[in-house]
Structure formats: structure tokens, C-alpha cells
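**Student:** Dropping in final_35.txt, which is compact mmCIF, C-alpha atoms:
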# COMPACT_ATOMS: atom_id res chain seq x y z
CA MET S 47 -14.69 17.21 -2.96
CA LYS S 48 -17.46 14.96 -4.24
CA PRO S 49 -17.27 11.45 -2.72
CA THR S 50 -16.27 8.81 -5.25
CA SER S 51 -16.28 5.04 -5.27
CA LEU S 52 -12.62 4.11 -5.60
CA LEU S 53 -12.94 0.97 -3.50
CA PRO S 54 -15.92 -0.86 -4.98
CA LEU S 55 -15.64 -3.66 -2.45
CA LEU S 56 -15.88 -1.24 0.44
CA ALA S 57 -17.43 2.03 -0.69
CA LEU S 58 -20.31 0.96 -2.87
CA ALA S 59 -22.84 3.37 -4.24
CA ALA S 60 -25.41 0.63 -4.68
CA ALA S 61 -26.02 -2.75 -3.10
CA ASN S 62 -25.91 -4.56 -6.43
CA ALA S 63 -22.19 -3.83 -6.65
CA PHE S 64 -21.87 -6.54 -3.97
CA ASN S 65 -22.84 -9.08 -6.64
CA TYR S 66 -19.89 -9.24 -9.00
CA LYS S 67 -20.70 -11.47 -11.97
CA GLY S 68 -17.50 -11.39 -14.00
CA ASP S 69 -15.92 -14.42 -15.62
CA ASP S 70 -13.88 -15.04 -12.48
CA ALA S 71 -16.81 -14.83 -10.04
CA TRP S 72 -16.35 -17.39 -7.25
CA PRO S 73 -19.71 -18.38 -5.73
CA ALA S 74 -18.50 -18.70 -2.14
CA LEU S 75 -16.89 -15.25 -2.17
CA GLN S 76 -19.86 -13.73 -3.97
CA LYS S 77 -22.22 -15.13 -1.31
CA ALA S 78 -19.96 -14.01 1.56
CA ILE S 79 -19.95 -10.43 0.25
CA ALA S 80 -23.71 -10.43 -0.29
CA ASP S 81 -24.35 -11.79 3.23
CA TYR S 82 -21.81 -9.54 4.92
CA PRO S 83 -23.94 -6.43 5.72
CA LYS S 84 -26.36 -8.53 7.82
CA PHE S 85 -23.49 -10.17 9.71
CA HIS S 86 -21.85 -6.78 10.28
CA ALA S 87 -25.06 -5.33 11.74
CA SER S 88 -25.39 -8.31 14.09
CA GLU S 89 -21.83 -7.97 15.42
CA LEU S 90 -22.22 -4.21 15.79
CA GLU S 91 -25.26 -4.74 18.01
CA LYS S 92 -23.20 -7.12 20.16
CA ILE S 93 -20.48 -4.49 20.51
CA LYS S 94 -23.04 -1.89 21.56
CA ARG S 95 -24.32 -4.25 24.26
CA GLY S 96 -20.82 -4.96 25.52
CA ASP S 97 -21.12 -8.59 24.45
CA LYS S 98 -17.62 -10.09 24.58
CA SER S 99 -18.51 -12.64 21.93
CA ALA S 100 -18.53 -9.87 19.29
CA ARG S 101 -15.99 -10.44 16.51
CA PHE S 102 -14.40 -7.45 14.85
CA LEU S 103 -11.40 -5.95 13.06
CA ILE S 104 -10.60 -2.24 13.24
CA MET S 105 -8.16 -1.36 10.46
CA THR S 106 -6.14 1.83 10.79
CA ALA S 107 -5.16 2.79 7.26
CA TYR S 108 -2.56 5.50 6.84
CA HIS S 109 0.11 7.19 4.70
CA GLY S 110 -0.85 7.93 1.08
CA LEU S 111 -4.20 7.21 -0.57
CA GLY S 112 -2.86 4.17 -2.42
CA ASN S 113 -1.43 2.75 0.80
CA ARG S 114 -4.73 3.29 2.58
CA GLU S 115 -6.79 1.69 -0.16
CA ARG S 116 -4.56 -1.40 -0.23
CA SER S 117 -4.73 -1.82 3.53
CA MET S 118 -8.51 -1.34 3.61
CA MET S 119 -9.08 -3.87 0.84
CA SER S 120 -6.76 -6.34 2.55
CA GLY S 121 -8.48 -5.72 5.88
CA PHE S 122 -11.92 -6.40 4.43
CA ALA S 123 -10.73 -9.67 2.87
CA PHE S 124 -9.15 -10.58 6.23
CA ALA S 125 -12.44 -9.82 7.99
CA LEU S 126 -14.45 -11.92 5.53
CA ALA S 127 -12.05 -14.83 5.92
CA ASN S 128 -12.17 -14.72 9.72
CA ARG S 129 -15.86 -13.80 10.16
CA LEU S 130 -15.09 -10.41 11.70
CA ALA S 131 -17.06 -7.17 11.47
CA PHE S 132 -14.88 -4.69 9.60
CA PHE S 133 -14.40 -1.09 10.74
CA VAL S 134 -12.10 1.57 9.29
CA ASP S 135 -10.01 4.03 11.27
CA PHE S 136 -8.94 6.61 8.68
CA PRO S 137 -6.70 9.33 10.16
CA THR S 138 -7.19 12.71 8.52
CA ALA S 139 -5.21 12.81 5.29
CA THR S 140 -3.02 15.86 4.77
CA CYS S 141 -0.04 16.80 2.60
CA ASP S 142 2.76 14.35 3.17
CA SER S 143 6.41 15.23 3.63
CA SER S 144 7.16 14.90 -0.09
CA ALA S 145 4.63 17.58 -1.11
CA ASP S 146 5.89 21.01 -2.01
CA ARG S 147 3.72 23.01 0.34
CA LYS S 148 4.79 26.27 -1.25
CA THR S 149 3.28 25.43 -4.64
CA VAL S 150 0.73 22.70 -3.94
CA ALA S 151 -2.59 23.40 -2.25
CA CYS S 152 -3.57 20.48 -0.05
CA ASN S 153 -6.75 20.25 2.00
CA ALA S 154 -7.18 17.81 4.86
CA VAL S 155 -9.77 15.14 4.04
CA GLU S 156 -11.69 12.52 6.00
CA LEU S 157 -12.85 9.08 4.89
CA ASN S 158 -16.38 10.22 4.05
CA ASP S 159 -15.04 13.13 1.99
CA MET S 160 -13.71 10.65 -0.55
CA TYR S 161 -15.90 7.54 -0.41
CA ARG S 162 -19.60 6.87 -0.40
CA ASN S 163 -20.73 4.78 2.55
CA PRO S 164 -21.05 1.05 1.85
CA PRO S 165 -24.21 -0.83 2.96
CA PHE S 166 -22.85 -1.28 6.47
CA GLU S 167 -21.60 1.07 9.20
CA TRP S 168 -17.86 0.95 8.59
CA THR S 169 -16.90 3.81 10.93
CA ALA S 170 -19.25 3.09 13.85
CA VAL S 171 -16.52 1.63 16.08
CA SER S 172 -13.07 3.12 16.59
CA HIS S 173 -10.11 3.36 18.92
CA CYS S 174 -10.87 5.36 22.06
CA SER S 175 -9.12 8.73 21.87
CA PHE S 176 -9.99 10.27 25.24
CA LYS S 177 -7.35 10.93 27.86
CA GLY S 178 -6.48 7.83 29.83
CA ALA S 179 -7.75 5.38 27.21
CA GLN S 180 -5.66 2.27 26.64
CA ARG S 181 -4.32 1.52 23.15
CA ASN S 182 -6.60 -1.52 22.88
CA ASP S 183 -9.82 0.17 24.06
CA ILE S 184 -12.68 0.47 21.56
CA CYS S 185 -15.34 3.17 21.55
CA ILE S 186 -18.62 4.07 19.93
CA GLY S 187 -18.46 7.83 19.96
CA LYS S 188 -16.85 8.65 23.32
CA LYS S 189 -18.21 5.58 25.10
CA ARG S 190 -15.82 2.71 25.79
CA VAL S 191 -17.49 -0.55 24.82
CA GLY S 192 -14.69 -3.11 25.00
CA SER S 193 -11.14 -3.95 24.00
CA GLY S 194 -9.16 -6.03 21.53
CA SER S 195 -5.68 -7.24 20.66
CA VAL S 196 -3.30 -4.94 18.78
CA ILE S 197 -1.40 -5.95 15.64
CA ASN S 198 0.91 -3.32 14.16
CA LEU S 199 1.94 -4.52 10.73
CA GLN S 200 4.72 -1.98 10.58
CA ASP S 201 6.38 -4.20 13.15
CA ASP S 202 8.44 -6.86 11.35
CA THR S 203 7.66 -9.49 13.98
CA GLU S 204 3.91 -9.07 13.64
CA GLU S 205 4.06 -9.04 9.86
CA GLU S 206 6.13 -12.21 9.84
CA VAL S 207 3.22 -13.99 11.56
CA ILE S 208 1.06 -13.05 8.59
CA ARG S 209 3.73 -14.06 6.07
CA ARG S 210 4.17 -17.46 7.71
CA GLY S 211 0.51 -18.23 7.22
CA GLY S 212 -1.04 -17.45 10.57
CA VAL S 213 -3.88 -15.33 9.22
CA HIS S 214 -6.60 -17.85 10.06
CA LYS S 215 -5.47 -17.94 13.70
CA ILE S 216 -5.80 -14.20 14.34
CA GLY S 217 -8.86 -12.82 16.08
CA PRO S 218 -11.56 -12.55 17.19
CA ARG S 219 -11.19 -8.93 18.43
CA VAL S 220 -8.41 -7.19 16.54
CA PHE S 221 -6.90 -3.75 16.01
CA MET S 222 -4.72 -3.75 12.91
CA LYS S 223 -2.53 -0.92 11.61
CA SER S 224 -1.04 -1.12 8.17
CA ASP S 225 -0.15 0.77 5.01
CA HIS S 226 0.58 -2.51 3.17
CA THR S 227 -1.34 -4.87 0.95
CA LEU S 228 -1.83 -8.17 2.77
CA LEU S 229 -4.27 -9.64 0.27
CA LYS S 230 -1.90 -12.35 -0.94
CA TYR S 231 -1.25 -13.54 2.61
CA VAL S 232 -4.98 -13.73 3.28
CA VAL S 233 -6.02 -15.46 0.08
CA CYS S 234 -3.07 -17.89 0.10
CA ASP S 235 -3.15 -18.72 3.82
CA ASN S 236 -3.33 -22.52 4.17
CA GLY S 237 -6.04 -22.43 6.82
CA ILE S 238 -8.19 -20.06 4.78
CA ARG S 239 -7.67 -21.99 1.55
CA LYS S 240 -9.27 -25.00 3.21
CA THR S 241 -12.51 -23.03 3.57
CA ARG S 242 -12.62 -22.45 -0.22
CA LEU S 243 -13.88 -18.91 0.39
CA PHE S 244 -11.53 -17.53 -2.25
CA PRO S 245 -10.82 -19.01 -5.70
CA PRO S 246 -7.63 -21.10 -5.90
CA ASP S 247 -6.03 -18.65 -8.32
CA PHE S 248 -4.80 -15.58 -6.42
CA PHE S 249 -5.20 -13.22 -9.37
CA ALA S 250 -8.77 -14.37 -9.94
CA ALA S 251 -9.47 -13.65 -6.28
CA GLN S 252 -7.89 -10.23 -6.54
CA ARG S 253 -9.93 -9.33 -9.64
CA GLN S 254 -13.16 -10.33 -7.94
CA ILE S 255 -12.35 -8.36 -4.80
CA GLU S 256 -11.31 -5.29 -6.80
CA ALA S 257 -14.32 -5.44 -9.16
Once you've parsed the file, please lay out its structure as C-alpha cells.
**Tutor:**
Amino acid sequence: MKPTSLLPLLALAAANAFNYKGDDAWPALQKAIADYPKFHASELEKIKRGDKSARFLIMTAYHGLGNRERSMMSGFAFALANRLAFFVDFPTATCDSSADRKTVACNAVELNDMYRNPPFEWTAVSHCSFKGAQRNDICIGKKRVGSGSVINLQDDTEEEVIRRGGVHKIGPRVFMKSDHTLLKYVVCDNGIRKTRLFPPDFFAAQRQIEA
């Protein structure tokens, strides 16, 4: 399968796609996206050194492709809003339980099978998968380099924190697992709105992020 660019915000074929200039372009968001690759590289170097001041979000996106794309887009907006380096944990995608395996051919695919790499290393950091690793351990390859707090947004209690407007209080070292879109809760969070990072109209913000 030839990699495509289905998530322009995340999987860009060219750096100029980070400079959306549509009618709804919001200067603060446009600048944040343009500046993000440099910030990401800086935080990644901190993680490699074991610097506990590193700020990051590792988003585990799962279930169907649409679910994964929504959670990744939401995660990137969350990372921008909270000044976190954004990394994607993309479990191998296979046929789901609704597929008719007798008549439908379905090949397992990885993140890089479907998307071109954006101008930052979005898969450099991941959960540790070796035996004995804790659920909040982070690794580069097989080397443990730190830990973070775990937020499972399939858990109603955790998701309620987001819905109540606690997005700006979460961080600075976060594992997040979701198959939901959380974009509205990020863009409309009272604490984040005060920063004026996103335009006041939610749909204008969504168009710019999706462009």
C-alpha cells in the first residue's frame, strides 16, 4: 500500500502544508503549527537524555481507521495547546470483528504503511513493551527513558475530566488512549481559550486543523 496523506495536520508530505492560508486561518494557530517541529525536536532530545523536564503526550490510537484519525488529530491539538511533544502509538491494524473474513482480504498495516512521515519524529517514543515494564514506562527502542501518567479515555471517569474542562490542567508527561474525537473539548476548554491559540469559533478551528 502506498502511503497517503489522510491527516494533513500530522502526516504532511511537505513542510508548506504546515502553513494553512484559508479564509479561516488563525495566526496564533498557524504560528504554533509552523514552530512545532523545532519544539518537538527539543523535547525529544530531553527525553533521550532522561531529562525529567521533558513534556510529552503519547497517544495510543486504536479501533477503526476513522477512530484512529480522530484520536490522533485530537491528540495533536491537545499537545499544541499544552506545549507537549506529540508521539503516536499505532497498534497494528487488522480486520475487525465486523469483517467477513471468509470473503474479505485484510492485511495487517502499520502507521507508516498508510501515512507519510510529518516533519517531526512522531513514533520515536513509545510505551515500553518488554517483560516487566510498567504501564507508564516510556522507551526509545528497547531502552527505558522515563515514565508518565496514564489517561485511558475509554474510562468514563477520565473522560469526564476532559468534558468538564480540565484539559489545560493535564500534563506534562502523559500517556493517552482513545478512539474518540476530543477536539471540541480541547478547543473549547476555558483555560485554553484564554491563550487564544485557537479561533473562537469551533468550526473555524476544526477547518484549520483539518486543512
**Student:** Need to verify the contact set: Arg242 of chain S, 10 Å, only C-alpha atoms, exclusion of same-chain residues closer than 5 positions in sequence. Can you return it as a ChimeraX atom specification?
**Tutor:** /S:72-75,127,233,237
**Student:** Excluding Phe124 of chain S and its own-chain neighbours fewer than 4 positions away, which residues fall within 12 Å of it when counting all atoms listed in the file? Please give them as a count of residues only.
**Tutor:** 37
**Student:** Tell me which of S:His86, S:Arg162, S:Lys94, S:Lys189 sits closest to Phe122 of chain S, counting only C-alpha atoms.
**Tutor:**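 The shortest atom-to-atom distance to Phe122 of chain S comes from S:His86.
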**Student:** Take every atom of segment 101-113 of chain S listed in the file, fit an axis-aligned box around them, add 4 Å per side, and give the centre and edge lengths in Å to one decimal as lines of an AutoDock Vina configuration file.
**Tutor:**
center_x = -7.9
center_y = -1.3
center_z = 7.0
size_x = 24.1
size_y = 26.4
size_z = 26.9
**Student:** Quick one, how far is atom CA of Ile184 of chain S from atom CA of Ser99 of chain S?
**Tutor:** 14.4 Å
**Student:** Separation of atom CA of Ala170 of chain S and atom CA of Glu256 of chain S, in Å?
**Tutor:**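 Atom-to-atom, atom CA of Ala170 of chain S to atom CA of Glu256 of chain S, that is 23.7 Å.
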**Student:** Which value, in Å to one decimal, gives the distance between atom CA of Asn158 of chain S and atom CA of Asp225 of chain S?
**Tutor:**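 That distance, rounded to one decimal, is 18.8 Å.
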**Student:** I need the residue nearest Ile93 of chain S from this list: S:Ser193, S:Asn163, S:Gln252, S:Asn113. Use only C-alpha atoms for the distance.
**Tutor:**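 Between S:Ser193, S:Asn163, S:Gln252, S:Asn113, the residue approaching Ile93 of chain S most closely is S:Ser193.
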**Student:** Taking only C-alpha atoms into account, name the residue in S:Leu126, S:Val134, S:Cys174, S:Ala71 that is nearest to Lys188 of chain S.
**Tutor:** S:Cys174
